[in-house]
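Printed here is coords03.txt (compact mmCIF, C-alpha atoms):
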# COMPACT_ATOMS: atom_id res chain seq x y z
CA MET G 95 21.69 4.93 -10.77
CA SER G 96 23.66 8.12 -10.69
CA SER G 97 23.26 9.73 -7.28
CA VAL G 98 24.41 8.45 -3.91
CA MET G 99 20.93 9.09 -2.51
CA ALA G 100 19.26 7.01 -5.23
CA ARG G 101 21.67 4.13 -4.63
CA THR G 102 21.21 4.29 -0.86
CA LEU G 103 17.43 4.24 -1.12
CA ALA G 104 17.59 1.38 -3.62
CA ILE G 105 19.65 -0.65 -1.16
CA LEU G 106 17.19 -0.01 1.67
CA GLU G 107 14.21 -0.94 -0.50
CA ARG G 108 15.89 -4.15 -1.67
CA LEU G 109 16.84 -5.19 1.87
CA ALA G 110 13.26 -4.54 3.00
CA ASN G 111 12.17 -7.38 0.71
CA ASP G 112 14.39 -10.01 2.33
CA VAL G 113 14.35 -10.33 6.11
CA ASN G 114 17.12 -12.97 6.01
CA GLY G 115 19.61 -10.62 4.39
CA VAL G 116 21.19 -10.22 0.98
CA PRO G 117 24.82 -10.86 -0.04
CA LEU G 118 26.86 -7.89 -1.22
CA ALA G 119 27.39 -9.39 -4.67
CA THR G 120 23.65 -9.95 -5.14
CA LEU G 121 22.84 -6.38 -4.11
CA ALA G 122 25.42 -4.90 -6.43
CA ASP G 123 24.38 -7.04 -9.39
CA GLU G 124 20.65 -6.54 -8.96
CA LEU G 125 20.99 -2.79 -8.47
CA ASP G 126 23.57 -2.41 -11.23
CA MET G 127 26.25 -0.72 -9.14
CA PRO G 128 29.94 -1.41 -8.54
CA ARG G 129 30.54 -3.76 -5.64
CA SER G 130 33.01 -1.32 -4.12
CA GLY G 131 30.38 1.41 -4.17
CA ALA G 132 27.72 -0.87 -2.73
CA HIS G 133 30.10 -1.94 0.04
CA ARG G 134 30.88 1.69 0.90
CA LEU G 135 27.18 2.60 1.19
CA LEU G 136 26.42 -0.52 3.23
CA THR G 137 29.27 0.31 5.59
CA GLU G 138 27.87 3.80 6.15
CA LEU G 139 24.36 2.44 6.69
CA CYS G 140 25.80 0.00 9.26
CA GLU G 141 27.60 2.84 11.02
CA HIS G 142 24.34 4.78 11.29
CA GLY G 143 22.42 1.78 12.60
CA TYR G 144 20.07 1.15 9.67
CA VAL G 145 21.79 -2.01 8.39
CA ARG G 146 23.79 -4.78 10.00
CA GLN G 147 25.90 -7.59 8.62
CA SER G 148 25.24 -11.16 9.68
CA ARG G 149 28.27 -12.68 11.35
CA GLU G 150 27.25 -16.18 10.29
CA ARG G 151 26.51 -15.62 6.59
CA GLY G 152 28.02 -12.24 5.87
CA THR G 153 24.74 -11.02 4.37
CA TYR G 154 23.37 -7.55 4.95
CA MET G 155 19.95 -6.91 6.49
CA LEU G 156 17.90 -4.05 7.84
CA THR G 157 17.82 -3.36 11.55
CA THR G 158 14.57 -2.36 13.25
CA ARG G 159 15.51 1.31 13.13
CA LEU G 160 13.52 2.01 9.95
CA VAL G 161 10.59 0.06 11.39
CA SER G 162 10.79 2.15 14.53
CA LEU G 163 10.79 5.34 12.50
CA GLY G 164 7.72 4.22 10.58
CA LEU G 165 5.80 3.17 13.66
CA ASN G 166 6.71 6.37 15.46
CA PHE G 167 5.53 8.37 12.44
CA LEU G 168 2.16 6.61 12.44
CA LYS G 169 1.82 7.08 16.18
CA THR G 170 2.67 10.77 15.98
CA ALA G 171 0.25 11.18 13.07
CA GLY G 172 -2.52 9.75 15.23
CA VAL G 173 -3.35 6.83 12.97
CA VAL G 174 -3.16 4.23 15.74
CA ASP G 175 -5.24 6.16 18.28
CA ILE G 176 -7.78 7.46 15.78
CA CYS G 177 -8.26 4.60 13.34
CA GLN G 178 -7.33 1.34 15.05
CA PRO G 179 -10.56 1.04 17.06
CA VAL G 180 -12.58 1.40 13.85
CA LEU G 181 -10.42 -1.18 12.05
CA ASP G 182 -10.76 -3.60 14.95
CA ARG G 183 -14.54 -3.27 15.13
CA LEU G 184 -14.95 -3.86 11.41
CA ALA G 185 -12.54 -6.81 11.42
CA GLU G 186 -14.42 -8.37 14.32
CA SER G 187 -17.79 -8.02 12.60
CA CYS G 188 -16.72 -9.27 9.16
CA GLY G 189 -14.20 -11.90 10.26
CA GLU G 190 -11.71 -10.89 7.57
CA LEU G 191 -8.66 -8.69 7.13
CA VAL G 192 -9.36 -4.95 7.26
CA ARG G 193 -6.76 -2.53 5.92
CA LEU G 194 -6.36 1.23 5.84
CA ALA G 195 -4.54 3.11 3.08
CA VAL G 196 -3.85 6.84 2.98
CA VAL G 197 -3.71 9.05 -0.09
CA ASP G 198 -0.30 10.63 -0.64
CA VAL G 199 -1.00 12.95 -3.59
CA ASP G 200 -0.46 10.49 -6.46
CA HIS G 201 -0.58 7.09 -4.73
CA ILE G 202 -2.16 5.25 -1.82
CA THR G 203 -0.11 3.44 0.79
CA TRP G 204 -1.16 0.77 3.29
CA VAL G 205 -0.55 2.01 6.85
CA GLY G 206 -2.84 0.03 9.17
CA LEU G 207 -4.65 -3.29 9.52
CA SER G 208 -6.69 -5.53 11.76
CA GLN G 209 -7.01 -9.27 11.19
CA GLY G 210 -10.49 -10.64 11.86
CA ALA G 211 -9.89 -14.19 10.59
CA ARG G 212 -9.09 -16.37 13.60
CA SER G 213 -8.84 -19.72 11.84
CA GLY G 214 -8.74 -21.29 8.39
CA LEU G 215 -7.36 -19.40 5.42
CA ARG G 216 -5.90 -15.98 6.20
CA TYR G 217 -4.57 -13.19 4.05
CA ASP G 218 -1.65 -11.38 5.72
CA PRO G 219 -0.14 -8.90 3.25
CA ASP G 220 2.87 -6.65 3.45
CA MET G 221 2.29 -3.18 4.87
CA GLY G 222 3.86 0.12 3.91
CA ILE G 223 3.59 -0.64 0.20
CA ASP G 224 1.66 1.27 -2.45
CA ALA G 225 -1.56 -0.24 -3.78
CA ARG G 226 -1.66 -1.12 -7.46
CA LEU G 227 -4.27 1.24 -8.85
CA SER G 228 -5.11 -0.79 -11.95
CA CYS G 229 -5.94 -4.11 -10.29
CA THR G 230 -7.13 -3.52 -6.71
CA SER G 231 -10.51 -2.67 -5.30
CA SER G 232 -8.78 0.11 -3.38
CA GLY G 233 -7.41 1.56 -6.57
CA PHE G 234 -10.86 1.42 -8.18
CA ALA G 235 -12.47 3.05 -5.13
CA TRP G 236 -9.98 5.92 -4.97
CA LEU G 237 -9.91 6.57 -8.71
CA SER G 238 -13.71 6.72 -8.71
CA THR G 239 -13.49 9.92 -6.66
CA LEU G 240 -11.29 11.66 -9.26
CA ASP G 241 -11.87 13.15 -12.67
CA GLU G 242 -11.42 10.62 -15.47
CA ASP G 243 -8.40 12.48 -16.87
CA ASP G 244 -6.71 12.36 -13.47
CA ALA G 245 -7.52 8.66 -13.09
CA ILE G 246 -6.05 7.88 -16.50
CA ALA G 247 -2.90 9.87 -15.72
CA LEU G 248 -2.34 8.10 -12.40
CA VAL G 249 -2.91 4.62 -13.82
CA SER G 250 -0.68 5.34 -16.83
CA ARG G 251 2.10 6.62 -14.57
CA GLN G 252 2.05 3.51 -12.37
CA GLY G 253 1.45 1.13 -15.26
CA ILE G 254 -1.10 -1.57 -16.01
CA ALA G 255 -0.65 -4.69 -13.91
CA SER G 256 -0.41 -7.87 -15.96
CA ALA G 257 -2.58 -10.89 -15.24
CA ALA G 258 0.56 -13.06 -15.35
CA GLU G 259 2.10 -11.13 -12.44
CA TYR G 260 -1.06 -10.36 -10.47
CA GLY G 261 -4.55 -11.85 -10.53
CA PRO G 262 -6.10 -13.66 -13.53
CA ASN G 263 -8.90 -11.05 -13.64
CA ALA G 264 -6.60 -8.01 -13.59
CA PRO G 265 -7.85 -5.42 -16.13
CA GLY G 266 -5.55 -5.51 -19.14
CA SER G 267 -6.01 -1.96 -20.42
CA VAL G 268 -6.76 1.57 -19.27
CA GLN G 269 -10.27 1.23 -20.69
CA ALA G 270 -10.86 -1.95 -18.70
CA VAL G 271 -9.67 -0.19 -15.55
CA LEU G 272 -12.03 2.73 -16.24
CA GLU G 273 -14.92 0.29 -16.47
CA GLN G 274 -14.13 -0.94 -12.96
CA VAL G 275 -13.75 2.65 -11.78
CA ALA G 276 -17.14 3.59 -13.25
CA LEU G 277 -18.73 0.64 -11.48
CA ALA G 278 -17.15 1.71 -8.20
CA ARG G 279 -18.45 5.25 -8.71
CA GLN G 280 -21.95 3.92 -9.33
CA ARG G 281 -21.96 1.63 -6.29
CA GLY G 282 -20.01 3.82 -3.89
CA TYR G 283 -17.37 1.12 -3.40
CA GLY G 284 -14.91 -0.90 -5.47
CA THR G 285 -14.62 -4.66 -5.68
CA GLY G 286 -11.96 -7.00 -6.97
CA ILE G 287 -12.27 -10.76 -7.37
CA GLU G 288 -8.91 -12.28 -8.28
CA THR G 289 -7.81 -8.99 -9.85
CA TYR G 290 -4.81 -8.52 -7.53
CA ALA G 291 -3.97 -12.14 -6.75
CA ARG G 292 -5.36 -15.57 -7.54
CA GLY G 293 -7.80 -16.69 -4.86
CA LEU G 294 -8.11 -13.23 -3.28
CA SER G 295 -11.15 -10.95 -3.18
CA ALA G 296 -11.59 -7.48 -1.73
CA ILE G 297 -14.01 -4.60 -1.35
CA SER G 298 -12.96 -1.00 -0.69
CA ALA G 299 -14.57 2.33 0.10
CA ALA G 300 -13.01 5.78 -0.15
CA ILE G 301 -12.65 7.88 3.00
CA ARG G 302 -14.13 11.29 2.12
CA PRO G 303 -14.51 13.98 4.79
CA ASN G 304 -17.34 16.41 4.14
CA GLY G 305 -16.36 18.96 1.54
CA ARG G 306 -12.98 17.36 0.86
CA ASP G 307 -11.49 14.94 -1.62
CA ALA G 308 -10.73 11.37 -0.63
CA VAL G 309 -7.97 11.14 1.98
CA GLY G 310 -7.76 7.37 2.22
CA VAL G 311 -9.31 4.00 1.48
CA LEU G 312 -10.70 1.30 3.77
CA ALA G 313 -10.68 -2.29 2.51
CA ILE G 314 -11.83 -5.76 3.49
CA SER G 315 -9.82 -8.61 1.94
CA GLY G 316 -9.84 -12.37 2.15
CA PRO G 317 -9.90 -15.69 0.29
CA THR G 318 -12.34 -15.83 -2.61
CA VAL G 319 -13.78 -19.08 -1.23
CA ARG G 320 -15.23 -16.96 1.59
CA LEU G 321 -15.59 -13.64 -0.20
CA GLY G 322 -17.57 -14.34 -3.33
CA GLU G 323 -19.40 -11.54 -5.13
CA ALA G 324 -22.58 -11.86 -3.08
CA ARG G 325 -20.65 -11.77 0.21
CA LEU G 326 -18.71 -8.68 -0.88
CA HIS G 327 -21.90 -6.74 -1.54
CA THR G 328 -23.29 -7.85 1.82
CA LEU G 329 -20.26 -6.32 3.56
CA ALA G 330 -20.60 -2.98 1.76
CA PRO G 331 -22.89 -1.16 4.27
CA ASP G 332 -20.63 -1.89 7.26
CA LEU G 333 -17.53 -0.97 5.25
CA ILE G 334 -19.00 2.34 4.10
CA ALA G 335 -20.13 3.16 7.65
CA ALA G 336 -16.62 2.47 9.00
CA ALA G 337 -15.07 4.64 6.28
CA ALA G 338 -17.45 7.43 7.30
CA ASP G 339 -16.37 7.02 10.95
CA ILE G 340 -12.73 7.50 9.97
CA ALA G 341 -13.62 10.42 7.71
CA ALA G 342 -15.36 12.14 10.62
CA VAL G 343 -12.18 12.17 12.72
CA SER G 344 -9.59 12.39 9.94
CA SER G 345 -8.99 16.11 10.50
CA ALA G 346 -7.30 15.20 13.78
CA SER G 347 -4.39 13.57 11.93
CA PRO G 348 -1.99 15.40 9.59
CA LEU G 349 -1.51 12.12 7.72
CA PHE G 350 -4.94 12.63 6.16
CA ASP G 351 -3.94 15.88 4.54
CA ARG G 352 -2.35 14.72 1.30
CA ALA G 353 -5.31 14.35 -1.02
CA HIS G 354 -4.69 14.28 -4.75
CA ALA G 355 -4.32 17.71 -6.32
CA ARG G 356 -4.21 18.42 -10.03
CA PRO G 357 -0.98 20.09 -11.21
CA ASP G 358 -1.16 23.86 -11.64
CA PRO G 359 -1.78 24.38 -15.38
CA ARG G 360 -0.01 27.72 -15.33
CA PRO G 361 3.56 27.73 -16.74
Any chance you could put this one into structure tokens?
Amino acid sequence: MSSVMARTLAILERLANDVNGVPLATLADELDMPRSGAHRLLTELCEHGYVRQSRERGTYMLTTRLVSLGLNFLKTAGVVDICQPVLDRLAESCGELVRLAVVDVDHITWVGLSQGARSGLRYDPDMGIDARLSCTSSGFAWLSTLDEDDAIALVSRQGIASAAEYGPNAPGSVQAVLEQVALARQRGYGTGIETYARGLSAISAAIRPNGRDAVGVLAISGPTVRLGEARLHTLAPDLIAAAADIAAVSSASPLFDRAHARPDPRP
């Protein structure tokens, strides 16, 4: 990593993956930077309140300042006020996890959720991460709203997820992904049974305001033992209706204004 900004962001992203903190030596080695440079950046991040050092173990960890920034951003963007009631209603009716992702030009990011499962197996994923386009029902649903060339470009840029790292049914090639995308286009929603993770199923519908491209994706996820193929299709009408409810009010939030746009072909 050459720039100070790139190294600083890499540190923040690495610390976000370990709530218990990371030793300086581990950070420097994993991020391939001199320990002196890593220490200098960590010191500055501590001074600005984004990182703190554990007195007991000496490890470095994020403070809640970044979390506060993210939550404040979502609140200001209207996501909580506009979308949360819809997520809660759908989660209550289906009894599973409901998640909302927004389109940010060339990727989709999870920004909201509501957990409908009150007992038994639950799926509680990380938020604020980008969805894998090649192996998630949400990726299939969003890509189904785009031209095939655009879908291929986006999947190729992010890379094909391997079955060894993700689910045993993860599509292993661009062509296999396109087959799932075509199916999602035909049905009006995407499905994934153990494509993202073993034992996990999901169904997703694109959020498409009238006359506009998709601005987000709404998904229902849960254990495959409860969400088999038949159950997923049964949930589709309620999911599509909820996605339409969010689409109807999406113009009230600037967060839903980052739909995918093809690059200008002019030089």
Checklist entry - What does the distance between atom CA of Gln209 of chain G and atom CA of Leu312 of chain G come to in Å, to one decimal place? => result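 For atom CA of Gln209 of chain G relative to atom CA of Leu312 of chain G, the distance reads 13.4 Å.
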Item to check | Long-range neighbours of segment 241-256 of chain G as a VMD selection string, 10 Å cut-off, all atoms listed in the file, 4 positions minimum in chain | outcome: chain G and resid 200 to 201 226 to 230 233 to 234 236 to 237 260 to 269 271 to 272 275 to 276 289 to 290 354 to 357
Item to check | Distance of atom CA of Ser208 of chain G from atom CA of Met155 of chain G, expressed in Å to one decimal place | outcome: 27.2 Å
Item to check | Nearest to Arg159 of chain G, chosen from G:Leu326, G:Ala235, G:Val192, G:Ala110, with only C-alpha atoms counted in the distances | outcome: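 Once distances to Arg159 of chain G are computed over only C-alpha atoms, the minimum belongs to G:Ala110.
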Checklist entry - Using all atoms listed in the file, which residue out of G:Gln178, G:Leu191, G:Val116, G:Leu329 lies closest to Arg212 of chain G? => result G:Leu191
Checklist entry - Excluding same-chain residues fewer than 2 positions from Ala132 of chain G, what lies within 9 Å of it counting all atoms listed in the file, as a count of residues only? => result 15
Item to check | Between atom CA of Ala300 of chain G and atom CA of Val319 of chain G, distance in Å (one decimal) | outcome: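 Separation between atom CA of Ala300 of chain G and atom CA of Val319 of chain G: 24.9 Å.
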Taking only residues of segment 284-343 of chain G that have an atom at most 12 Å from an atom of segment 183-186 of chain G, what is each one's shortest atom pair and its distance in Å to one decimal, using all atoms listed in the file, in chain and number order, as CSV?
residue,atom,partner,partner_atom,distance
G:Leu312,CA,G:Leu184,CA,10.2
G:Ala313,CA,G:Leu184,CA,10.0
G:Ile314,CA,G:Ala185,CA,8.0
G:Ser315,CA,G:Ala185,CA,10.0
G:Gly316,CA,G:Ala185,CA,11.1
G:Leu329,CA,G:Leu184,CA,9.8
G:Ala330,CA,G:Leu184,CA,11.2
G:Pro331,CA,G:Leu184,CA,11.0
G:Asp332,CA,G:Leu184,CA,7.3
G:Leu333,CA,G:Leu184,CA,7.3
G:Ile334,CA,G:Leu184,CA,10.4
G:Ala335,CA,G:Leu184,CA,9.5
G:Ala336,CA,G:Leu184,CA,7.0
G:Ala337,CA,G:Leu184,CA,9.9
G:Asp339,CA,G:Leu184,CA,11.0
G:Ile340,CA,G:Leu184,CA,11.7
Only C-alpha atoms, please: segment 327-340 of chain G from the block, as a short mmCIF file (atom, residue, chain, number, x, y, z; two decimals), in the first residue's frame.
data_model
loop_
_atom_site.label_atom_id
_atom_site.label_comp_id
_atom_site.auth_asym_id
_atom_site.auth_seq_id
_atom_site.Cartn_x
_atom_site.Cartn_y
_atom_site.Cartn_z
CA HIS G 327 -41.61 -19.46 -3.31
CA THR G 328 -44.46 -19.17 -0.81
CA LEU G 329 -42.81 -16.08 0.68
CA ALA G 330 -42.36 -14.38 -2.70
CA PRO G 331 -45.69 -12.46 -2.87
CA ASP G 332 -45.23 -10.82 0.54
CA LEU G 333 -41.58 -10.03 -0.23
CA ILE G 334 -42.43 -8.42 -3.57
CA ALA G 335 -45.24 -6.40 -1.98
CA ALA G 336 -42.87 -5.12 0.74
CA ALA G 337 -40.26 -4.19 -1.87
CA ALA G 338 -42.97 -2.24 -3.71
CA ASP G 339 -43.87 -0.42 -0.47
CA ILE G 340 -40.27 0.71 -0.05
#
